[in-house]
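Pasting model_20.pdb here (PDB, C-alpha atoms, pLDDT in the B column):
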MODEL        1
ATOM      1  CA  MET A  19      92.869-102.578 124.670  1.00 42.00           C
ATOM      2  CA  ASN A  20      95.197-105.374 125.786  1.00 48.00           C
ATOM      3  CA  GLN A  21      98.534-105.754 124.078  1.00 50.00           C
ATOM      4  CA  THR A  22      99.865-109.216 123.327  1.00 49.00           C
ATOM      5  CA  ASN A  23     103.456-110.421 123.178  1.00 50.00           C
ATOM      6  CA  SER A  24     102.956-112.128 119.851  1.00 54.00           C
ATOM      7  CA  GLY A  25     105.065-109.653 117.851  1.00 73.00           C
ATOM      8  CA  PHE A  26     107.874-110.789 115.576  1.00 71.00           C
ATOM      9  CA  LEU A  27     110.693-109.821 117.971  1.00 73.00           C
ATOM     10  CA  ASN A  28     108.939-111.464 120.895  1.00 78.00           C
ATOM     11  CA  SER A  29     108.734-114.692 118.919  1.00 83.00           C
ATOM     12  CA  ILE A  30     112.540-114.938 118.794  1.00 91.00           C
ATOM     13  CA  PRO A  31     114.110-116.572 121.869  1.00 95.00           C
ATOM     14  CA  PRO A  32     116.257-114.183 123.955  1.00 95.00           C
ATOM     15  CA  VAL A  33     119.809-115.345 123.207  1.00 97.00           C
ATOM     16  CA  THR A  34     119.181-115.608 119.468  1.00 97.00           C
ATOM     17  CA  LYS A  35     117.564-112.174 119.433  1.00 96.00           C
ATOM     18  CA  ASN A  36     120.339-110.535 121.451  1.00 97.00           C
ATOM     19  CA  LEU A  37     123.082-112.116 119.353  1.00 97.00           C
ATOM     20  CA  ILE A  38     121.501-110.675 116.209  1.00 97.00           C
ATOM     21  CA  ILE A  39     121.080-107.242 117.823  1.00 96.00           C
ATOM     22  CA  ILE A  40     124.649-107.170 119.165  1.00 97.00           C
ATOM     23  CA  ASN A  41     126.125-108.178 115.813  1.00 97.00           C
ATOM     24  CA  ALA A  42     124.053-105.546 114.026  1.00 96.00           C
ATOM     25  CA  LEU A  43     125.107-102.845 116.498  1.00 97.00           C
ATOM     26  CA  PHE A  44     128.776-103.757 116.186  1.00 96.00           C
ATOM     27  CA  TRP A  45     128.516-103.669 112.393  1.00 96.00           C
ATOM     28  CA  LEU A  46     126.945-100.206 112.490  1.00 96.00           C
ATOM     29  CA  ALA A  47     129.589 -99.038 114.967  1.00 96.00           C
ATOM     30  CA  SER A  48     132.303-100.369 112.654  1.00 95.00           C
ATOM     31  CA  LEU A  49     130.908 -98.136 109.924  1.00 94.00           C
ATOM     32  CA  ALA A  50     130.579 -95.019 112.087  1.00 94.00           C
ATOM     33  CA  LEU A  51     133.586 -95.002 114.428  1.00 95.00           C
ATOM     34  CA  PRO A  52     136.349 -94.774 111.775  1.00 92.00           C
ATOM     35  CA  LYS A  53     135.092 -91.228 111.178  1.00 92.00           C
ATOM     36  CA  ILE A  54     136.491 -90.316 114.599  1.00 93.00           C
ATOM     37  CA  GLY A  55     139.625 -92.405 114.215  1.00 92.00           C
ATOM     38  CA  ILE A  56     138.505 -95.656 115.881  1.00 93.00           C
ATOM     39  CA  ASP A  57     138.962 -98.839 113.834  1.00 93.00           C
ATOM     40  CA  LEU A  58     136.863-101.496 115.563  1.00 94.00           C
ATOM     41  CA  VAL A  59     137.862-104.190 113.071  1.00 92.00           C
ATOM     42  CA  ASP A  60     141.515-103.672 113.980  1.00 92.00           C
ATOM     43  CA  LEU A  61     140.771-103.518 117.724  1.00 94.00           C
ATOM     44  CA  LEU A  62     138.354-106.435 117.945  1.00 96.00           C
ATOM     45  CA  GLY A  63     139.276-108.583 114.939  1.00 96.00           C
ATOM     46  CA  LEU A  64     141.355-111.688 115.636  1.00 96.00           C
ATOM     47  CA  HIS A  65     145.079-111.155 115.046  1.00 95.00           C
ATOM     48  CA  PHE A  66     147.871-113.706 114.976  1.00 92.00           C
ATOM     49  CA  PRO A  67     149.378-114.199 118.478  1.00 89.00           C
ATOM     50  CA  GLY A  68     152.794-112.988 117.302  1.00 82.00           C
ATOM     51  CA  ALA A  69     151.342-109.697 116.066  1.00 88.00           C
ATOM     52  CA  VAL A  70     151.659-106.453 118.006  1.00 87.00           C
ATOM     53  CA  ASP A  71     147.892-105.882 118.064  1.00 92.00           C
ATOM     54  CA  PHE A  72     146.924-109.376 119.254  1.00 94.00           C
ATOM     55  CA  LYS A  73     144.845-109.474 122.430  1.00 94.00           C
ATOM     56  CA  ALA A  74     143.398-112.610 124.068  1.00 95.00           C
ATOM     57  CA  TYR A  75     139.879-111.124 124.151  1.00 96.00           C
ATOM     58  CA  GLN A  76     139.881-111.064 120.351  1.00 97.00           C
ATOM     59  CA  LEU A  77     139.097-114.801 120.374  1.00 96.00           C
ATOM     60  CA  VAL A  78     135.620-113.728 121.519  1.00 97.00           C
ATOM     61  CA  SER A  79     135.240-110.245 120.074  1.00 97.00           C
ATOM     62  CA  TYR A  80     136.161-111.222 116.493  1.00 96.00           C
ATOM     63  CA  MET A  81     132.957-113.206 116.068  1.00 96.00           C
ATOM     64  CA  PHE A  82     130.871-110.051 116.573  1.00 96.00           C
ATOM     65  CA  MET A  83     132.672-108.148 113.798  1.00 95.00           C
ATOM     66  CA  HIS A  84     131.798-108.300 110.102  1.00 93.00           C
ATOM     67  CA  ASP A  85     133.005-106.924 106.789  1.00 90.00           C
ATOM     68  CA  THR A  86     132.129-103.234 106.591  1.00 91.00           C
ATOM     69  CA  HIS A  87     132.384-103.287 102.791  1.00 89.00           C
ATOM     70  CA  SER A  88     129.488-105.684 102.390  1.00 84.00           C
ATOM     71  CA  PHE A  89     126.111-105.962 104.100  1.00 90.00           C
ATOM     72  CA  ALA A  90     125.846-109.552 102.854  1.00 87.00           C
ATOM     73  CA  HIS A  91     128.453-110.830 105.343  1.00 88.00           C
ATOM     74  CA  VAL A  92     126.563-109.806 108.464  1.00 92.00           C
ATOM     75  CA  PHE A  93     123.115-110.363 106.918  1.00 90.00           C
ATOM     76  CA  PHE A  94     123.592-113.990 105.896  1.00 86.00           C
ATOM     77  CA  ASN A  95     125.349-114.906 109.134  1.00 90.00           C
ATOM     78  CA  MET A  96     122.549-113.404 111.205  1.00 94.00           C
ATOM     79  CA  PHE A  97     119.897-114.888 108.950  1.00 88.00           C
ATOM     80  CA  ALA A  98     121.387-118.332 109.666  1.00 89.00           C
ATOM     81  CA  VAL A  99     121.445-117.553 113.404  1.00 94.00           C
ATOM     82  CA  TYR A 100     117.762-116.624 113.173  1.00 93.00           C
ATOM     83  CA  MET A 101     116.719-119.615 111.059  1.00 88.00           C
ATOM     84  CA  PHE A 102     118.611-122.335 112.918  1.00 91.00           C
ATOM     85  CA  GLY A 103     119.736-120.781 116.193  1.00 94.00           C
ATOM     86  CA  ARG A 104     116.223-120.130 117.461  1.00 94.00           C
ATOM     87  CA  VAL A 105     115.361-123.794 116.915  1.00 93.00           C
ATOM     88  CA  LEU A 106     118.411-124.924 118.898  1.00 96.00           C
ATOM     89  CA  GLU A 107     117.714-122.439 121.667  1.00 97.00           C
ATOM     90  CA  ASN A 108     114.138-123.706 121.988  1.00 95.00           C
ATOM     91  CA  VAL A 109     115.444-127.283 122.252  1.00 94.00           C
ATOM     92  CA  TRP A 110     118.473-126.652 124.496  1.00 94.00           C
ATOM     93  CA  GLY A 111     117.480-123.574 126.421  1.00 95.00           C
ATOM     94  CA  PRO A 112     119.298-120.208 126.411  1.00 95.00           C
ATOM     95  CA  LYS A 113     122.286-121.152 128.605  1.00 96.00           C
ATOM     96  CA  ARG A 114     123.305-124.203 126.609  1.00 96.00           C
ATOM     97  CA  PHE A 115     122.741-122.464 123.275  1.00 97.00           C
ATOM     98  CA  LEU A 116     124.886-119.463 124.270  1.00 97.00           C
ATOM     99  CA  THR A 117     127.605-121.810 125.506  1.00 97.00           C
ATOM    100  CA  PHE A 118     127.507-123.667 122.190  1.00 97.00           C
ATOM    101  CA  TYR A 119     127.683-120.438 120.193  1.00 97.00           C
ATOM    102  CA  LEU A 120     130.692-119.138 122.114  1.00 97.00           C
ATOM    103  CA  VAL A 121     132.567-122.446 122.188  1.00 97.00           C
ATOM    104  CA  THR A 122     132.201-123.008 118.453  1.00 97.00           C
ATOM    105  CA  GLY A 123     133.169-119.414 117.706  1.00 96.00           C
ATOM    106  CA  ILE A 124     136.253-119.569 119.932  1.00 97.00           C
ATOM    107  CA  GLY A 125     137.114-123.001 118.546  1.00 96.00           C
ATOM    108  CA  ALA A 126     136.917-121.639 115.011  1.00 94.00           C
ATOM    109  CA  GLY A 127     139.296-118.838 116.012  1.00 95.00           C
ATOM    110  CA  LEU A 128     141.787-121.310 117.494  1.00 95.00           C
ATOM    111  CA  ILE A 129     141.751-123.379 114.308  1.00 93.00           C
ATOM    112  CA  GLN A 130     142.347-120.226 112.273  1.00 92.00           C
ATOM    113  CA  GLU A 131     145.354-119.426 114.469  1.00 93.00           C
ATOM    114  CA  LEU A 132     146.762-122.909 113.797  1.00 92.00           C
ATOM    115  CA  VAL A 133     146.280-122.457 110.050  1.00 90.00           C
ATOM    116  CA  TRP A 134     148.084-119.115 110.200  1.00 90.00           C
ATOM    117  CA  PHE A 135     150.924-120.693 112.169  1.00 90.00           C
ATOM    118  CA  PHE A 136     151.303-123.359 109.463  1.00 88.00           C
ATOM    119  CA  ASP A 137     151.196-120.776 106.662  1.00 85.00           C
ATOM    120  CA  LEU A 138     153.583-118.367 108.414  1.00 85.00           C
ATOM    121  CA  ARG A 139     156.088-120.846 109.805  1.00 84.00           C
ATOM    122  CA  ASP A 140     158.799-119.810 107.331  1.00 81.00           C
ATOM    123  CA  VAL A 141     158.414-116.183 108.380  1.00 80.00           C
ATOM    124  CA  LEU A 142     158.186-116.960 112.089  1.00 78.00           C
ATOM    125  CA  PHE A 143     161.375-119.003 112.173  1.00 80.00           C
ATOM    126  CA  ALA A 144     163.366-116.897 109.710  1.00 75.00           C
ATOM    127  CA  PRO A 145     166.327-115.052 111.286  1.00 74.00           C
ATOM    128  CA  GLU A 146     165.533-111.901 109.292  1.00 72.00           C
ATOM    129  CA  GLN A 147     163.430-109.292 111.079  1.00 71.00           C
ATOM    130  CA  MET A 148     162.398-107.483 107.872  1.00 69.00           C
ATOM    131  CA  ILE A 149     159.984-108.743 105.225  1.00 70.00           C
ATOM    132  CA  ASN A 150     160.041-107.900 101.519  1.00 68.00           C
ATOM    133  CA  LEU A 151     156.353-107.353 100.785  1.00 66.00           C
ATOM    134  CA  ASN A 152     155.723-108.199  97.119  1.00 66.00           C
ATOM    135  CA  GLY A 153     159.024-106.593  96.190  1.00 62.00           C
ATOM    136  CA  ALA A 154     157.466-103.171  96.697  1.00 64.00           C
ATOM    137  CA  GLN A 155     157.804-102.489 100.407  1.00 69.00           C
ATOM    138  CA  ILE A 156     160.078-103.517 103.257  1.00 73.00           C
ATOM    139  CA  ILE A 157     158.325-103.930 106.590  1.00 74.00           C
ATOM    140  CA  SER A 158     159.213-105.487 109.945  1.00 75.00           C
ATOM    141  CA  LYS A 159     158.181-109.017 110.831  1.00 76.00           C
ATOM    142  CA  SER A 160     155.808-107.698 113.518  1.00 77.00           C
ATOM    143  CA  GLN A 161     154.156-105.346 111.011  1.00 80.00           C
ATOM    144  CA  TYR A 162     153.754-108.217 108.570  1.00 83.00           C
ATOM    145  CA  LEU A 163     152.127-110.469 111.175  1.00 86.00           C
ATOM    146  CA  ASN A 164     149.758-107.629 112.015  1.00 86.00           C
ATOM    147  CA  LEU A 165     148.292-107.818 108.506  1.00 86.00           C
ATOM    148  CA  PHE A 166     146.534-111.099 109.316  1.00 90.00           C
ATOM    149  CA  VAL A 167     143.089-110.436 110.789  1.00 93.00           C
ATOM    150  CA  THR A 168     139.900-112.491 110.706  1.00 93.00           C
ATOM    151  CA  ILE A 169     136.370-111.415 111.596  1.00 93.00           C
ATOM    152  CA  GLY A 170     132.851-112.814 111.486  1.00 91.00           C
ATOM    153  CA  ALA A 171     130.431-115.180 113.188  1.00 92.00           C
ATOM    154  CA  SER A 172     130.760-117.806 110.459  1.00 90.00           C
ATOM    155  CA  GLY A 173     132.592-120.305 112.674  1.00 91.00           C
ATOM    156  CA  ALA A 174     129.742-120.264 115.191  1.00 95.00           C
ATOM    157  CA  VAL A 175     127.201-120.321 112.340  1.00 92.00           C
ATOM    158  CA  PHE A 176     128.753-123.470 110.870  1.00 91.00           C
ATOM    159  CA  GLY A 177     128.630-125.011 114.342  1.00 94.00           C
ATOM    160  CA  ILE A 178     124.914-124.152 114.478  1.00 94.00           C
ATOM    161  CA  LEU A 179     124.352-125.738 111.056  1.00 90.00           C
ATOM    162  CA  LEU A 180     126.068-128.919 112.183  1.00 92.00           C
ATOM    163  CA  ALA A 181     124.024-129.051 115.404  1.00 94.00           C
ATOM    164  CA  PHE A 182     120.767-128.578 113.511  1.00 93.00           C
ATOM    165  CA  ALA A 183     121.674-131.399 111.137  1.00 91.00           C
ATOM    166  CA  MET A 184     122.556-133.692 114.047  1.00 92.00           C
ATOM    167  CA  LEU A 185     119.311-132.968 115.888  1.00 91.00           C
ATOM    168  CA  PHE A 186     117.076-132.871 112.807  1.00 91.00           C
ATOM    169  CA  PRO A 187     118.939-134.872 110.125  1.00 90.00           C
ATOM    170  CA  ASN A 188     115.972-135.458 107.832  1.00 88.00           C
ATOM    171  CA  VAL A 189     114.477-131.954 107.815  1.00 86.00           C
ATOM    172  CA  PRO A 190     114.491-130.691 104.199  1.00 83.00           C
ATOM    173  CA  LEU A 191     116.532-127.548 103.494  1.00 79.00           C
ATOM    174  CA  TYR A 192     116.851-125.519 100.316  1.00 74.00           C
ATOM    175  CA  LEU A 193     119.936-123.971  98.783  1.00 68.00           C
ATOM    176  CA  MET A 194     119.335-120.439  97.554  1.00 63.00           C
ATOM    177  CA  PHE A 195     118.033-120.340  93.971  1.00 62.00           C
ATOM    178  CA  ILE A 196     117.838-124.163  93.855  1.00 67.00           C
ATOM    179  CA  PRO A 197     114.228-125.270  94.537  1.00 74.00           C
ATOM    180  CA  ILE A 198     115.197-128.841  95.397  1.00 78.00           C
ATOM    181  CA  PRO A 199     114.890-130.059  99.016  1.00 81.00           C
ATOM    182  CA  ILE A 200     118.044-131.493 100.561  1.00 82.00           C
ATOM    183  CA  LYS A 201     117.995-133.305 103.891  1.00 84.00           C
ATOM    184  CA  ALA A 202     119.840-131.371 106.591  1.00 82.00           C
ATOM    185  CA  LYS A 203     122.440-134.100 107.098  1.00 82.00           C
ATOM    186  CA  TYR A 204     123.408-134.077 103.404  1.00 83.00           C
ATOM    187  CA  PHE A 205     123.264-130.279 103.298  1.00 80.00           C
ATOM    188  CA  VAL A 206     125.858-130.026 106.074  1.00 82.00           C
ATOM    189  CA  ILE A 207     128.062-132.767 104.607  1.00 81.00           C
ATOM    190  CA  PHE A 208     128.069-130.891 101.296  1.00 78.00           C
ATOM    191  CA  TYR A 209     128.992-127.621 103.007  1.00 70.00           C
ATOM    192  CA  GLY A 210     131.732-129.286 105.047  1.00 71.00           C
ATOM    193  CA  LEU A 211     133.324-130.931 102.021  1.00 74.00           C
ATOM    194  CA  ALA A 212     133.066-127.695 100.032  1.00 68.00           C
ATOM    195  CA  GLU A 213     134.821-125.771 102.821  1.00 62.00           C
ATOM    196  CA  LEU A 214     137.553-128.416 103.053  1.00 63.00           C
ATOM    197  CA  PHE A 215     138.109-128.350  99.294  1.00 62.00           C
ATOM    198  CA  MET A 216     138.236-124.560  99.106  1.00 57.00           C
ATOM    199  CA  GLY A 217     140.486-124.358 102.156  1.00 51.00           C
ATOM    200  CA  VAL A 218     142.991-126.854 100.746  1.00 51.00           C
ATOM    201  CA  ALA A 219     142.803-125.387  97.241  1.00 53.00           C
ATOM    202  CA  SER A 220     143.346-121.875  98.650  1.00 51.00           C
ATOM    203  CA  PHE A 221     141.975-120.147  95.574  1.00 45.00           C
ATOM    204  CA  GLY A 222     143.748-116.967  94.556  1.00 42.00           C
ATOM    205  CA  GLY A 223     142.013-113.915  95.960  1.00 47.00           C
ATOM    206  CA  ASP A 224     139.928-116.037  98.321  1.00 50.00           C
ATOM    207  CA  THR A 225     139.958-114.299 101.709  1.00 59.00           C
ATOM    208  CA  VAL A 226     137.422-116.610 103.372  1.00 64.00           C
ATOM    209  CA  ALA A 227     138.598-118.466 106.518  1.00 72.00           C
ATOM    210  CA  HIS A 228     137.451-121.901 105.339  1.00 75.00           C
ATOM    211  CA  PHE A 229     139.303-123.847 108.020  1.00 79.00           C
ATOM    212  CA  ALA A 230     137.777-121.623 110.712  1.00 84.00           C
ATOM    213  CA  HIS A 231     134.354-122.712 109.446  1.00 85.00           C
ATOM    214  CA  LEU A 232     135.445-126.332 109.733  1.00 86.00           C
ATOM    215  CA  GLY A 233     136.795-125.540 113.193  1.00 89.00           C
ATOM    216  CA  GLY A 234     133.350-124.369 114.264  1.00 91.00           C
ATOM    217  CA  MET A 235     131.897-127.654 113.028  1.00 91.00           C
ATOM    218  CA  LEU A 236     134.604-129.681 114.772  1.00 94.00           C
ATOM    219  CA  PHE A 237     134.151-128.019 118.157  1.00 96.00           C
ATOM    220  CA  GLY A 238     130.377-128.228 117.763  1.00 95.00           C
ATOM    221  CA  TYR A 239     130.572-131.958 117.072  1.00 94.00           C
ATOM    222  CA  ILE A 240     132.788-132.550 120.117  1.00 95.00           C
ATOM    223  CA  LEU A 241     130.568-130.479 122.405  1.00 96.00           C
ATOM    224  CA  ILE A 242     127.356-132.168 121.244  1.00 95.00           C
ATOM    225  CA  HIS A 243     128.791-135.624 121.897  1.00 92.00           C
ATOM    226  CA  TYR A 244     130.057-134.501 125.296  1.00 93.00           C
ATOM    227  CA  TRP A 245     126.601-133.219 126.224  1.00 93.00           C
ATOM    228  CA  LYS A 246     124.953-136.366 124.898  1.00 88.00           C
ATOM    229  CA  LYS A 247     127.072-138.624 127.110  1.00 86.00           C
ATOM    230  CA  LYS A 248     126.628-136.308 130.086  1.00 83.00           C
ATOM    231  CA  ASP A 249     122.847-136.155 129.701  1.00 79.00           C
ATOM    232  CA  VAL A 250     122.460-139.911 129.311  1.00 70.00           C
ATOM    233  CA  GLY A 251     124.635-140.411 132.386  1.00 63.00           C
ATOM    234  CA  ASN A 252     122.344-138.117 134.366  1.00 62.00           C
ATOM    235  CA  GLY A 253     119.265-140.028 133.285  1.00 53.00           C
ATOM    236  CA  ARG A 254     118.272-137.337 130.778  1.00 56.00           C
ATOM    237  CA  TYR A 255     117.856-137.503 127.042  1.00 49.00           C
ATOM    238  CA  PHE A 256     119.741-134.994 124.966  1.00 49.00           C
ATOM    239  CA  TYR A 257     117.858-135.545 121.707  1.00 47.00           C
TER     240      TYR A 257
ENDMDL
END
Just give me the structure as structure tokens.
Amino acid sequence: MNQTNSGFLNSIPPVTKNLIIINALFWLASLALPKIGIDLVDLLGLHFPGAVDFKAYQLVSYMFMHDTHSFAHVFFNMFAVYMFGRVLENVWGPKRFLTFYLVTGIGAGLIQELVWFFDLRDVLFAPEQMINLNGAQIISKSQYLNLFVTIGASGAVFGILLAFAMLFPNVPLYLMFIPIPIKAKYFVIFYGLAELFMGVASFGGDTVAHFAHLGGMLFGYILIHYWKKKDVGNGRYFY
């Protein structure tokens, strides 16, 4: 009997498939390793540059980490990578898609660092080296800066959403639980405006890095236009 390569996993292009597998493995490791005293979120999550635990590699590693208290965080990010990333990889090829994923993820991290710098400027430039934390605890400035950590592939995912909408603007998409088709270009505009509003409003208790999501879109937009000009200049058509 001959076996075919038409299975579900074989239908997913290689970079998309490996990104999903790597993210899933890191999430499982984040659940298991604390039992032996290893906190992957602290090691690989993106810290503020002024923090003791900041490392340059975290600008890459943070996008492979997800909330260990909720399966939804990693599931919905990877579902979006599967739904839209595989389409982009089939259009661009694996090298260009991986480059796009990493650039938008790193770009999102850089934007998050800028947002932190703006939010923490009073602390950073204060002469005092100790921080009164909610009137209940006194900690050093370096300890305080170490409390700021971001994780997740959402920045790269929002870059992927933007790219899909730019390549296929009129493809109908559906919001969950709302059975009304929305063209991809309007879907992404809605998401972008919602992220901007929530980021500026900074709702109490909201721990989502909204500006990082917008950063992924911004870097994705810049990279797509760079590629478009480059491809046209080389006598090729980008899309």
Discussion item. For a test of reading the model, state the distance in Å between atom CA of Asn41 of chain A and atom CA of Phe82 of chain A, rounded to one decimal.
Written reply: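 Atom CA of Phe82 of chain A lies at a distance of 5.2 Å from atom CA of Asn41 of chain A.
Note that atom CA of Ala202 of chain A and atom CA of Leu180 of chain A are 8.7 Å apart.
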Practice prompt. Just give me the residues with any atom within 12 Å of (134.5, -130.0, 118.6), file coordinates, counting only C-alpha atoms, written as a ChimeraX atom specification.
Written response: /A:118-119,121-126,128-129,173-174,176-178,180-181,230-245
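Between Phe26 of chain A and the candidates A:Phe72, A:Phe186, A:Phe66, A:Tyr100, the tightest atom-to-atom separation, counting all atoms listed in the file, involves A:Tyr100.
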Discussion item. One decimal, in Å: what's the spacing between atom CA of Trp110 of chain A and atom CA of Phe97 of chain A?
Written reply: 19.5 Å
I need the output of the PyMOL selection byres ((chain A and resi 44-58) around 9) for this file as an mmCIF file with C-alpha atoms, in the frame of the given file; which residues are they?
data_model
loop_
_atom_site.group_PDB
_atom_site.id
_atom_site.type_symbol
_atom_site.label_atom_id
_atom_site.label_comp_id
_atom_site.auth_asym_id
_atom_site.auth_seq_id
_atom_site.Cartn_x
_atom_site.Cartn_y
_atom_site.Cartn_z
ATOM 1 C CA ILE A 39 121.080 -107.242 117.823
ATOM 2 C CA ILE A 40 124.649 -107.170 119.165
ATOM 3 C CA ASN A 41 126.125 -108.178 115.813
ATOM 4 C CA ALA A 42 124.053 -105.546 114.026
ATOM 5 C CA LEU A 43 125.107 -102.845 116.498
ATOM 6 C CA VAL A 59 137.862 -104.190 113.071
ATOM 7 C CA ASP A 60 141.515 -103.672 113.980
ATOM 8 C CA LEU A 61 140.771 -103.518 117.724
ATOM 9 C CA LEU A 62 138.354 -106.435 117.945
ATOM 10 C CA GLY A 63 139.276 -108.583 114.939
ATOM 11 C CA PHE A 82 130.871 -110.051 116.573
ATOM 12 C CA MET A 83 132.672 -108.148 113.798
ATOM 13 C CA HIS A 84 131.798 -108.300 110.102
ATOM 14 C CA ASP A 85 133.005 -106.924 106.789
ATOM 15 C CA THR A 86 132.129 -103.234 106.591
ATOM 16 C CA HIS A 87 132.384 -103.287 102.791
ATOM 17 C CA PHE A 89 126.111 -105.962 104.100
ATOM 18 C CA VAL A 92 126.563 -109.806 108.464
#
Please provide the set of residues having any atom within 7 Å of Leu77 of chain A, restricted to only C-alpha atoms, with same-chain residues fewer than 2 positions apart removed, written as a JSON list (two decimals) with C-alpha atoms, keeping the file's coordinate frame.
[["chain", "number", "residue", "atom", "x", "y", "z"],
["A", 64, "LEU", "CA", 141.35, -111.69, 115.64],
["A", 74, "ALA", "CA", 143.40, -112.61, 124.07],
["A", 75, "TYR", "CA", 139.88, -111.12, 124.15],
["A", 79, "SER", "CA", 135.24, -110.24, 120.07],
["A", 80, "TYR", "CA", 136.16, -111.22, 116.49],
["A", 124, "ILE", "CA", 136.25, -119.57, 119.93],
["A", 127, "GLY", "CA", 139.30, -118.84, 116.01]]
Centre and edges of the segment 161-167 of chain A box, axis-aligned, 4 Å extra per side, as AutoDock Vina command-line options:
--center_x 148.6 --center_y -108.2 --center_z 110.3 --size_x 19.1 --size_y 13.8 --size_z 11.5
Response to the item:
Among A:Phe229, A:Phe166, A:Lys247, A:Asn188, Val70 of chain A is approached most closely, using all atoms listed in the file, by A:Phe166
Fill in: Shortest interatomic distance to Leu106 of chain A - which of A:Val133, A:Met184, A:Ile38, A:Ile157, counting all atoms listed in the file
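Ranking A:Val133, A:Met184, A:Ile38, A:Ile157 by distance to Leu106 of chain A, first place goes to A:Met184.
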Discussion item. With distances taken over only C-alpha atoms, which residue among A:Ile198, A:Ile169, A:Ala183, A:Met96 lies nearest Gln76 of chain A?
Written reply: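 With only C-alpha atoms as the atom set, the closest residue is A:Ile169.
If only C-alpha atoms are the atoms counted, then among A:Leu191, A:Val250, A:Val206, A:Leu120 the closest residue to Val78 of chain A is A:Leu120.
Restricting the calculation to all atoms listed in the file, the smallest distance between Ala144 of chain A and any of A:Gln130, A:Ala227, A:Pro112, A:Lys159 is found for A:Lys159.
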Worksheet item: the PyMOL selection byres ((chain A and resi 158) around 7) on the file shown: which residues, as a PyMOL selection string?
Response: chain A and resi 147-149+157+159-162
